[in-house]
file data18.cif (mmCIF, C-alpha atoms)
data_model
#
loop_
_atom_site.label_atom_id
_atom_site.label_comp_id
_atom_site.auth_asym_id
_atom_site.auth_seq_id
_atom_site.Cartn_x
_atom_site.Cartn_y
_atom_site.Cartn_z
CA MET B 23 104.28 127.79 137.81
CA LYS B 24 106.44 129.76 135.40
CA PHE B 25 108.50 128.58 132.44
CA SER B 26 109.54 129.71 128.99
CA THR B 27 109.93 127.76 125.76
CA SER B 28 110.13 128.32 122.02
CA LYS B 29 107.04 128.69 119.84
CA LEU B 30 108.14 125.83 117.56
CA GLU B 31 108.71 123.35 120.40
CA LEU B 32 105.37 124.24 121.98
CA GLN B 33 103.50 124.11 118.67
CA LYS B 34 104.93 120.70 117.75
CA ALA B 35 103.97 119.30 121.16
CA LEU B 36 100.44 120.72 121.14
CA GLN B 37 99.75 119.35 117.66
CA LYS B 38 100.63 115.86 118.89
CA LEU B 39 98.62 116.29 122.07
CA SER B 40 95.50 117.45 120.22
CA LYS B 41 95.10 113.87 118.88
CA ALA B 42 93.97 112.79 122.36
CA THR B 43 91.61 115.71 122.95
CA PRO B 44 87.94 114.88 122.22
CA THR B 45 86.09 117.34 119.98
CA ARG B 46 82.89 116.82 121.96
CA THR B 47 82.75 115.83 125.61
CA THR B 48 80.62 116.33 128.70
CA LEU B 49 83.84 116.60 130.73
CA PRO B 50 85.43 120.04 130.15
CA ILE B 51 88.68 118.91 131.79
CA LEU B 52 89.31 116.60 128.80
CA GLY B 53 89.64 119.69 126.63
CA CYS B 54 92.67 120.72 128.69
CA VAL B 55 96.33 119.86 128.55
CA LEU B 56 97.93 119.07 131.89
CA ILE B 57 101.19 121.01 132.21
CA GLU B 58 103.69 119.95 134.87
CA SER B 59 106.93 121.92 135.18
CA ALA B 60 109.92 120.56 137.05
CA GLU B 61 113.68 120.91 136.70
CA GLU B 62 114.81 121.35 133.07
CA ASN B 63 111.76 120.01 131.25
CA THR B 64 108.05 120.58 131.19
CA THR B 65 105.67 117.65 130.66
CA PHE B 66 102.43 118.09 128.71
CA LYS B 67 99.68 115.45 128.87
CA THR B 68 96.25 114.98 127.26
CA THR B 69 93.71 112.16 127.39
CA ASP B 70 90.29 111.25 125.98
CA LEU B 71 90.08 108.36 128.50
CA GLU B 72 90.92 105.92 125.68
CA ILE B 73 94.45 107.03 124.87
CA THR B 74 96.84 109.25 126.83
CA ILE B 75 99.66 111.20 125.19
CA GLN B 76 102.59 112.62 127.15
CA VAL B 77 105.20 114.90 125.55
CA VAL B 78 108.28 116.48 127.12
CA VAL B 79 108.99 120.06 126.01
CA PRO B 80 112.44 121.60 126.59
CA SER B 81 111.99 124.74 128.72
CA SER B 82 113.63 127.20 131.07
CA LEU B 83 112.02 126.81 134.46
CA GLU B 84 111.60 129.69 136.90
CA GLU B 85 108.96 128.21 139.20
CA PRO B 86 107.72 124.58 139.29
CA GLY B 87 104.04 123.79 139.36
CA SER B 88 101.13 122.30 137.43
CA ALA B 89 97.82 123.31 135.86
CA ALA B 90 95.27 122.10 133.30
CA VAL B 91 95.17 124.67 130.48
CA PRO B 92 92.56 124.76 127.64
CA LEU B 93 94.43 123.15 124.75
CA LYS B 94 92.44 124.64 121.86
CA THR B 95 93.11 128.25 122.91
CA LEU B 96 96.77 127.55 123.67
CA LEU B 97 97.26 125.88 120.28
CA GLU B 98 95.45 128.65 118.39
CA ILE B 99 97.56 131.48 119.84
CA THR B 100 100.75 129.43 119.36
CA ASN B 101 99.88 128.83 115.70
CA GLU B 102 99.46 132.56 115.12
CA LEU B 103 102.73 133.61 116.73
CA PRO B 104 106.00 134.01 114.80
CA ASP B 105 109.07 132.02 115.85
CA ILE B 106 109.67 133.65 119.25
CA ARG B 107 109.87 132.57 122.89
CA LEU B 108 106.87 132.41 125.18
CA THR B 109 106.74 132.70 128.94
CA ILE B 110 103.80 130.91 130.54
CA THR B 111 102.84 131.78 134.11
CA VAL B 112 100.05 130.29 136.23
CA ASN B 113 99.19 132.00 139.53
CA ASN B 114 97.59 130.47 142.61
CA LYS B 115 94.12 131.35 141.27
CA ASN B 116 94.76 129.32 138.07
CA ARG B 117 95.06 132.44 135.93
CA VAL B 118 97.32 131.73 132.95
CA SER B 119 99.45 134.46 131.39
CA ILE B 120 101.12 133.84 128.02
CA LYS B 121 103.73 136.58 127.52
CA THR B 122 105.76 137.26 124.35
CA ASP B 123 107.64 140.20 122.83
CA LEU B 124 104.43 141.02 120.94
CA GLY B 125 102.04 141.11 123.87
CA GLU B 126 100.39 139.23 126.72
CA TYR B 127 97.35 136.94 126.69
CA ASP B 128 95.36 135.66 129.66
CA ILE B 129 93.08 132.63 130.03
CA MET B 130 91.72 130.60 132.92
CA ALA B 131 93.11 127.16 133.78
CA ARG B 132 91.68 124.39 135.92
CA PRO B 133 93.33 122.78 138.96
CA ALA B 134 95.70 119.99 138.02
CA GLU B 135 93.91 117.73 140.53
CA GLU B 136 90.83 117.64 138.26
CA PHE B 137 92.78 116.05 135.41
CA PRO B 138 92.23 112.27 135.14
CA SER B 139 95.08 110.23 136.59
CA THR B 140 97.05 108.04 134.21
CA PRO B 141 96.21 104.34 134.72
CA LYS B 142 98.96 102.41 136.45
CA GLN B 143 99.85 99.09 134.90
CA GLU B 144 101.84 96.12 135.98
CA ASP B 145 103.85 95.19 132.91
CA ILE B 146 103.76 91.64 131.64
CA ALA B 147 106.58 92.39 129.25
CA GLU B 148 108.67 95.17 127.76
CA LEU B 149 110.11 94.82 124.28
CA LYS B 150 111.98 97.04 121.84
CA THR B 151 111.35 97.31 118.13
CA SER B 152 111.97 99.57 115.15
CA GLY B 153 109.51 102.39 114.57
CA LYS B 154 109.72 101.67 110.85
CA ILE B 155 108.63 98.04 111.30
CA LEU B 156 105.79 98.98 113.67
CA LYS B 157 104.57 101.69 111.28
CA GLU B 158 104.53 99.22 108.38
CA VAL B 159 102.51 96.74 110.48
CA VAL B 160 99.95 99.45 111.31
CA ASP B 161 99.72 100.80 107.76
CA ALA B 162 99.16 97.30 106.37
CA THR B 163 96.23 96.47 108.66
CA ALA B 164 94.48 99.51 110.20
CA PHE B 165 92.43 100.31 107.08
CA ALA B 166 90.37 97.11 107.48
CA VAL B 167 89.39 97.70 111.13
CA SER B 168 85.64 97.76 111.80
CA ARG B 169 83.78 100.88 112.92
CA ASP B 170 81.00 98.83 114.53
CA GLU B 171 81.11 99.60 118.26
CA LEU B 172 78.73 96.67 118.87
CA LYS B 173 81.62 94.36 117.96
CA PRO B 174 84.43 95.75 120.13
CA ALA B 175 87.00 93.09 119.20
CA LEU B 176 86.80 94.11 115.55
CA THR B 177 87.50 97.80 116.32
CA GLY B 178 91.17 96.99 116.88
CA VAL B 179 94.04 95.04 115.35
CA LEU B 180 94.94 91.63 116.76
CA MET B 181 98.68 91.48 117.49
CA GLN B 182 100.02 87.94 117.90
CA ILE B 183 103.60 88.20 119.13
CA SER B 184 106.08 85.32 119.27
CA GLN B 185 109.83 85.35 119.83
CA ASP B 186 110.78 85.91 116.20
CA LYS B 187 107.75 87.40 114.45
CA ILE B 188 104.54 89.41 114.79
CA THR B 189 101.25 88.58 113.09
CA ALA B 190 98.72 91.42 112.81
CA VAL B 191 95.11 90.77 111.79
CA SER B 192 92.18 93.13 111.18
CA THR B 193 88.69 92.59 109.81
CA ASP B 194 85.37 94.38 109.48
CA GLY B 195 83.40 91.33 108.33
CA HIS B 196 83.68 92.29 104.64
CA ARG B 197 87.46 92.17 104.34
CA LEU B 198 90.27 90.68 106.36
CA VAL B 199 93.99 91.42 106.42
CA LYS B 200 96.71 89.17 107.82
CA TYR B 201 100.20 90.68 107.89
CA VAL B 202 103.28 88.88 109.21
CA ARG B 203 106.71 90.39 109.93
CA ASN B 204 109.50 87.86 110.24
CA ASP B 205 112.07 90.45 111.37
CA PHE B 206 110.26 91.40 114.59
CA LYS B 207 112.07 90.33 117.76
CA SER B 208 110.14 90.18 121.03
CA GLU B 209 112.99 89.39 123.43
CA GLY B 210 111.31 86.26 124.73
CA PHE B 211 107.70 87.48 125.06
CA SER B 212 104.86 85.51 123.48
CA GLY B 213 101.21 86.48 123.61
CA GLU B 214 98.43 88.36 121.89
CA ILE B 215 96.53 91.62 122.40
CA VAL B 216 93.85 93.56 120.52
CA VAL B 217 95.00 97.15 120.07
CA PRO B 218 92.52 100.01 119.34
CA LYS B 219 92.76 101.67 115.93
CA LYS B 220 93.06 105.22 117.30
CA PHE B 221 96.27 104.38 119.16
CA LEU B 222 97.74 102.68 116.10
CA LEU B 223 96.92 105.56 113.75
CA TYR B 224 98.57 107.99 116.15
CA LEU B 225 101.72 105.86 116.19
CA SER B 226 101.70 105.61 112.40
CA GLY B 227 101.69 109.40 112.14
CA GLN B 228 104.63 109.80 114.55
CA LEU B 229 106.95 106.88 113.91
CA GLN B 230 109.90 106.89 111.52
CA ASN B 231 112.99 104.81 112.19
CA GLN B 232 113.48 105.49 115.90
CA GLU B 233 113.49 102.78 118.56
CA VAL B 234 110.13 102.10 120.21
CA VAL B 235 109.73 100.47 123.61
CA LEU B 236 106.41 98.66 124.05
CA SER B 237 105.22 97.95 127.59
CA ILE B 238 102.47 95.33 127.57
CA GLY B 239 100.21 95.10 130.59
CA GLU B 240 97.04 93.24 131.55
CA SER B 241 94.73 96.05 130.42
CA HIS B 242 96.97 98.71 128.85
CA LEU B 243 99.70 99.09 126.25
CA THR B 244 102.32 101.85 126.36
CA ALA B 245 104.63 102.97 123.55
CA LYS B 246 107.70 105.08 124.37
CA PHE B 247 109.77 106.74 121.64
CA ASP B 248 111.95 109.83 121.53
CA LYS B 249 110.66 111.66 124.65
CA ASP B 250 107.01 110.81 124.04
CA VAL B 251 104.81 108.32 125.87
CA VAL B 252 101.48 107.07 124.48
CA LEU B 253 99.20 104.81 126.50
CA THR B 254 96.01 103.03 125.49
CA ARG B 255 93.64 100.55 127.03
CA VAL B 256 93.63 97.26 125.15
CA ILE B 257 90.39 95.65 123.96
CA SER B 258 89.46 92.82 126.31
CA GLU B 259 86.97 91.01 124.04
CA LYS B 260 88.34 87.93 122.28
CA PHE B 261 89.19 88.30 118.60
CA PRO B 262 87.26 85.83 116.38
CA ASP B 263 88.91 82.76 114.85
CA TYR B 264 90.08 84.37 111.62
CA GLN B 265 91.85 81.26 110.32
CA SER B 266 88.55 79.46 109.80
CA VAL B 267 87.29 82.01 107.23
CA ILE B 268 90.40 81.92 105.01
CA PRO B 269 89.52 79.64 102.05
CA LYS B 270 91.94 76.80 101.31
CA ASP B 271 90.51 75.53 98.02
CA ASN B 272 90.26 78.56 95.69
CA ASN B 273 91.15 77.05 92.30
CA LYS B 274 91.09 80.10 90.01
CA LYS B 275 94.06 82.44 89.70
CA LEU B 276 94.31 86.00 88.38
CA LEU B 277 97.47 88.02 87.73
CA VAL B 278 97.03 91.69 86.81
CA GLU B 279 99.02 94.92 86.99
CA LYS B 280 98.05 96.76 90.16
CA GLU B 281 97.85 100.31 88.79
CA VAL B 282 95.95 99.20 85.67
CA LEU B 283 93.33 97.37 87.75
CA LEU B 284 93.10 100.16 90.33
CA GLY B 285 92.64 102.84 87.67
CA ALA B 286 89.86 100.89 85.95
CA ILE B 287 88.00 100.30 89.23
CA ARG B 288 88.23 103.99 90.14
CA ARG B 289 86.87 105.16 86.79
CA VAL B 290 84.08 102.61 86.48
CA SER B 291 82.94 102.98 90.12
CA ILE B 292 82.14 106.66 89.50
CA PHE B 293 78.99 105.39 87.74
CA SER B 294 78.01 102.87 90.43
CA ASN B 295 75.08 103.17 92.81
CA LYS B 296 76.16 105.42 95.69
CA ALA B 297 74.50 103.15 98.26
CA THR B 298 75.91 99.78 97.16
CA HIS B 299 79.05 100.87 95.22
CA GLN B 300 78.53 97.65 93.28
CA VAL B 301 80.88 96.68 90.44
CA ALA B 302 81.05 93.37 88.56
CA LEU B 303 84.27 91.69 87.43
CA SER B 304 83.95 89.20 84.57
CA LEU B 305 87.12 87.12 84.36
CA GLU B 306 88.21 84.97 81.45
CA SER B 307 91.46 83.98 79.83
CA GLY B 308 93.42 87.10 78.88
CA SER B 309 91.11 89.83 80.18
CA ILE B 310 88.94 91.32 82.92
CA LYS B 311 85.76 93.24 82.16
CA ILE B 312 84.82 95.68 84.92
CA LYS B 313 81.33 97.11 84.71
CA THR B 314 78.63 98.79 86.76
CA GLU B 315 75.15 100.18 86.30
CA ASP B 316 72.92 102.43 88.38
CA PRO B 317 69.29 102.24 87.15
CA GLU B 318 68.28 105.03 89.54
CA LYS B 319 70.47 107.53 87.69
CA SER B 320 70.51 105.77 84.30
CA SER B 321 74.32 105.64 84.45
CA LYS B 322 76.73 102.86 83.64
CA GLY B 323 80.43 102.29 83.05
CA GLU B 324 82.51 99.50 81.56
CA GLU B 325 86.20 98.83 80.88
CA SER B 326 88.23 95.85 79.71
CA ILE B 327 91.86 95.35 80.73
CA SER B 328 94.46 92.70 79.96
CA ALA B 329 95.19 90.08 82.61
CA LYS B 330 96.36 86.51 83.03
CA PHE B 331 93.55 84.26 84.29
CA GLU B 332 93.60 80.53 84.96
CA GLY B 333 90.32 78.67 85.51
CA ASP B 334 86.74 78.60 84.31
CA PRO B 335 85.25 82.03 83.46
CA ILE B 336 83.56 83.71 86.43
CA THR B 337 81.59 86.90 87.13
CA ILE B 338 81.79 88.20 90.67
CA GLY B 339 80.50 91.36 92.38
CA TYR B 340 82.30 93.60 94.88
CA ASN B 341 81.81 96.80 96.80
CA ALA B 342 84.11 99.09 94.80
CA GLU B 343 85.25 101.03 97.90
CA TYR B 344 86.42 97.86 99.63
CA LEU B 345 87.97 96.55 96.39
CA LYS B 346 89.97 99.77 95.89
CA ASP B 347 91.23 99.58 99.48
CA ILE B 348 92.36 95.97 99.12
CA VAL B 349 94.05 96.40 95.72
CA GLY B 350 95.64 99.68 96.84
CA HIS B 351 97.30 97.96 99.80
CA VAL B 352 98.85 95.16 97.75
CA GLN B 353 102.62 95.61 97.73
CA GLY B 354 104.49 95.45 94.45
CA GLU B 355 103.39 95.97 90.85
CA VAL B 356 101.39 92.78 90.19
CA VAL B 357 98.26 91.68 92.08
CA GLU B 358 97.66 87.96 92.52
CA VAL B 359 94.05 86.93 93.23
CA GLU B 360 92.83 83.43 94.12
CA LEU B 361 89.11 82.89 93.57
CA GLY B 362 86.57 80.13 94.13
CA THR B 363 82.89 80.79 93.39
CA PRO B 364 80.87 84.02 92.89
CA VAL B 365 79.74 83.80 96.53
CA SER B 366 83.00 82.84 98.25
CA ALA B 367 85.86 85.00 99.53
CA ALA B 368 88.78 85.85 97.24
CA LEU B 369 92.38 86.12 98.42
CA PHE B 370 94.50 89.08 97.28
CA ASN B 371 98.26 89.09 97.42
CA SER B 372 101.41 90.44 95.85
CA GLN B 373 102.97 88.23 93.19
CA ASN B 374 106.38 88.79 94.79
CA GLN B 375 106.38 88.71 98.59
CA ASN B 376 109.07 90.48 100.61
CA GLU B 377 111.31 88.01 102.46
CA ASP B 378 110.75 89.91 105.73
CA SER B 379 106.96 90.14 105.42
CA GLU B 380 103.94 88.12 104.33
CA SER B 381 100.59 89.70 103.50
CA LEU B 382 97.24 88.08 102.81
CA MET B 383 94.01 90.00 102.20
CA LEU B 384 90.53 88.53 101.94
CA LEU B 385 87.50 90.20 100.37
CA MET B 386 83.92 88.97 100.48
CA PRO B 387 81.85 89.37 97.29
CA ILE B 388 78.40 90.91 97.11
CA ARG B 389 75.44 89.41 95.29
CA LEU B 390 74.97 91.01 91.90
CA ASN B 391 71.64 92.46 90.86
CA ASP B 392 69.99 90.46 88.09
#

call {"tool": "encode", "arguments": {"input": "data18.cif", "output": "structure tokens"}}
result
Amino acid sequence: MKFSTSKLELQKALQKLSKATPTRTTLPILGCVLIESAEENTTFKTTDLEITIQVVVPSSLEEPGSAAVPLKTLLEITNELPDIRLTITVNNKNRVSIKTDLGEYDIMARPAEEFPSTPKQEDIAELKTSGKILKEVVDATAFAVSRDELKPALTGVLMQISQDKITAVSTDGHRLVKYVRNDFKSEGFSGEIVVPKKFLLYLSGQLQNQEVVLSIGESHLTAKFDKDVVLTRVISEKFPDYQSVIPKDNNKKLLVEKEVLLGAIRRVSIFSNKATHQVALSLESGSIKIKTEDPEKSSKGEESISAKFEGDPITIGYNAEYLKDIVGHVQGEVVEVELGTPVSAALFNSQNQNEDSESLMLLMPIRLND
């Protein structure tokens, strides 16, 4: 195999591909990028057995072929080179030569046959959507995905797709996010899948306003955009019934400026216990008092801010880290909160919803120390 390409094209591709290269693995081949040269383009592919990324790099081909090349070394030398062309050659003994005007560098590759094959899927459906819409769906929900591998269904985002909208739901047991886009067209497909967080975060980092083609299969999901292809296995475990935990009878209502509330929580939480991150919100007509205390370090913090509150006064405790996440993801300038009791879930929303989207976030309280 022998081809040449520009440093910038190669660098951009390798940076994308590194997202599917495990930092630690017992399989050395997973630390390699599979390079396959044919005709006018060269295809680069990496996998961590959960997601697979394939990128096409424009190149000048002299001799077709394939090899699995250590990605870390290839990326490091590419990062250090100025904007010049590289010629990459692999001989029949899997010796890789990287030649530039500055010098020549040699490393050992592995046979292409050792690289894991990409799973083949029989598509149930293929649909096209806007990268901008898909990115907004991911950004609105991925932050609340669980890290608990013992609950596989919660380590992804539930995507419920109908002909004229998509509903995305994520939860970690402490918070829950439901995000609906009414401008998502599925071209006749209806169904639901649970998509792993890693795949979604990769898409969020790559998507802008380009068209994305989603291929939905029994066990895998593929996204194609520009000249890139990203494939992931979908989570087979059933997502829990999230509708049953959304309270319907919260009778207290809070309206407060988002940045004012967020700033107060950030400042006060500095003095909270580092294990519980506990803060207390005391709500009454016209104001919120946010306070915390950490007896272990003899520290405490307290702030009062103006707010509009309807209902009987209530004091409720939250994990400040979760509370900051929820408030920070509310769209718009004013946060609307519906509350029930000090031990029941509160619903967070934007006072003014976008006509194309609906967002609902739930946060469970924590029991306050006496």

call {"tool": "resolve_selection", "arguments": {"input": "data18.cif", "expression": "the PyMOL selection byres ((chain B and resi 358) around 6)", "output": "PyMOL selection string"}}
result
chain B and resi 276-277+357+359+370-373

call {"tool": "atom_distance", "arguments": {"input": "data18.cif", "atom1": "atom CA of Ala60 of chain B", "atom2": "atom CA of Ser88 of chain B"}}
result
9.0 Å

call {"tool": "atom_distance", "arguments": {"input": "data18.cif", "atom1": "atom CA of Ser208 of chain B", "atom2": "atom CA of Glu233 of chain B"}}
result
13.3 Å

call {"tool": "residues_around", "arguments": {"input": "data18.cif", "residues": "Tyr340 of chain B", "least_positions_apart": "3", "cutoff": "8 Å", "atoms": "only C-alpha atoms", "output": "VMD selection string"}}
result
chain B and resid 299 to 303 344 to 345 386 to 388

call {"tool": "write_last_selection", "arguments": {"input": "data18.cif", "atoms": "C-alpha atoms", "output": "PDB file, in the frame of the given file"}}
result
ATOM      1  CA  HIS B 299      79.050 100.870  95.220  1.00  0.00           C
ATOM      2  CA  GLN B 300      78.530  97.650  93.280  1.00  0.00           C
ATOM      3  CA  VAL B 301      80.880  96.680  90.440  1.00  0.00           C
ATOM      4  CA  ALA B 302      81.050  93.370  88.560  1.00  0.00           C
ATOM      5  CA  LEU B 303      84.270  91.690  87.430  1.00  0.00           C
ATOM      6  CA  TYR B 344      86.420  97.860  99.630  1.00  0.00           C
ATOM      7  CA  LEU B 345      87.970  96.550  96.390  1.00  0.00           C
ATOM      8  CA  MET B 386      83.920  88.970 100.480  1.00  0.00           C
ATOM      9  CA  PRO B 387      81.850  89.370  97.290  1.00  0.00           C
ATOM     10  CA  ILE B 388      78.400  90.910  97.110  1.00  0.00           C
TER      11      ILE B 388
END

call {"tool": "residues_around", "arguments": {"input": "data18.cif", "residues": "Ser258 of chain B", "least_positions_apart": "6", "cutoff": "8 Å", "atoms": "all atoms listed in the file", "output": "VMD selection string"}}
result
chain B and resid 175 216 241

call {"tool": "residues_around", "arguments": {"input": "data18.cif", "residues": "segment 263-267 of chain B", "least_positions_apart": "2", "cutoff": "12 Å", "atoms": "all atoms listed in the file", "output": "PyMOL selection string"}}
result
chain B and resi 175-176+179-180+190-200+260-261+269-271+366-369+382-386

call {"tool": "residues_near_point", "arguments": {"input": "data18.cif", "point": "(94.6, 98.7, 100.9)", "cutoff": "10 Å", "atoms": "only C-alpha atoms", "output": "list in words"}}
result
Asp161, Ala162, Thr163, Ala164, Phe165, Ala166, Val199, Tyr344, Leu345, Lys346, Asp347, Ile348, Val349, Gly350, His351, Val352, Gln353 and Met383 of chain B

call {"tool": "closest_atom_pairs", "arguments": {"input": "data18.cif", "of": "segment 82-173 of chain B", "to": "segment 50-54 of chain B", "cutoff": "6 Å", "atoms": "all atoms listed in the file", "output": "CSV"}}
result
residue,atom,partner,partner_atom,distance
B:Ala90,CA,B:Cys54,CA,5.5
B:Val91,CA,B:Cys54,CA,5.0
B:Pro92,CA,B:Cys54,CA,4.2
B:Leu93,CA,B:Cys54,CA,5.0
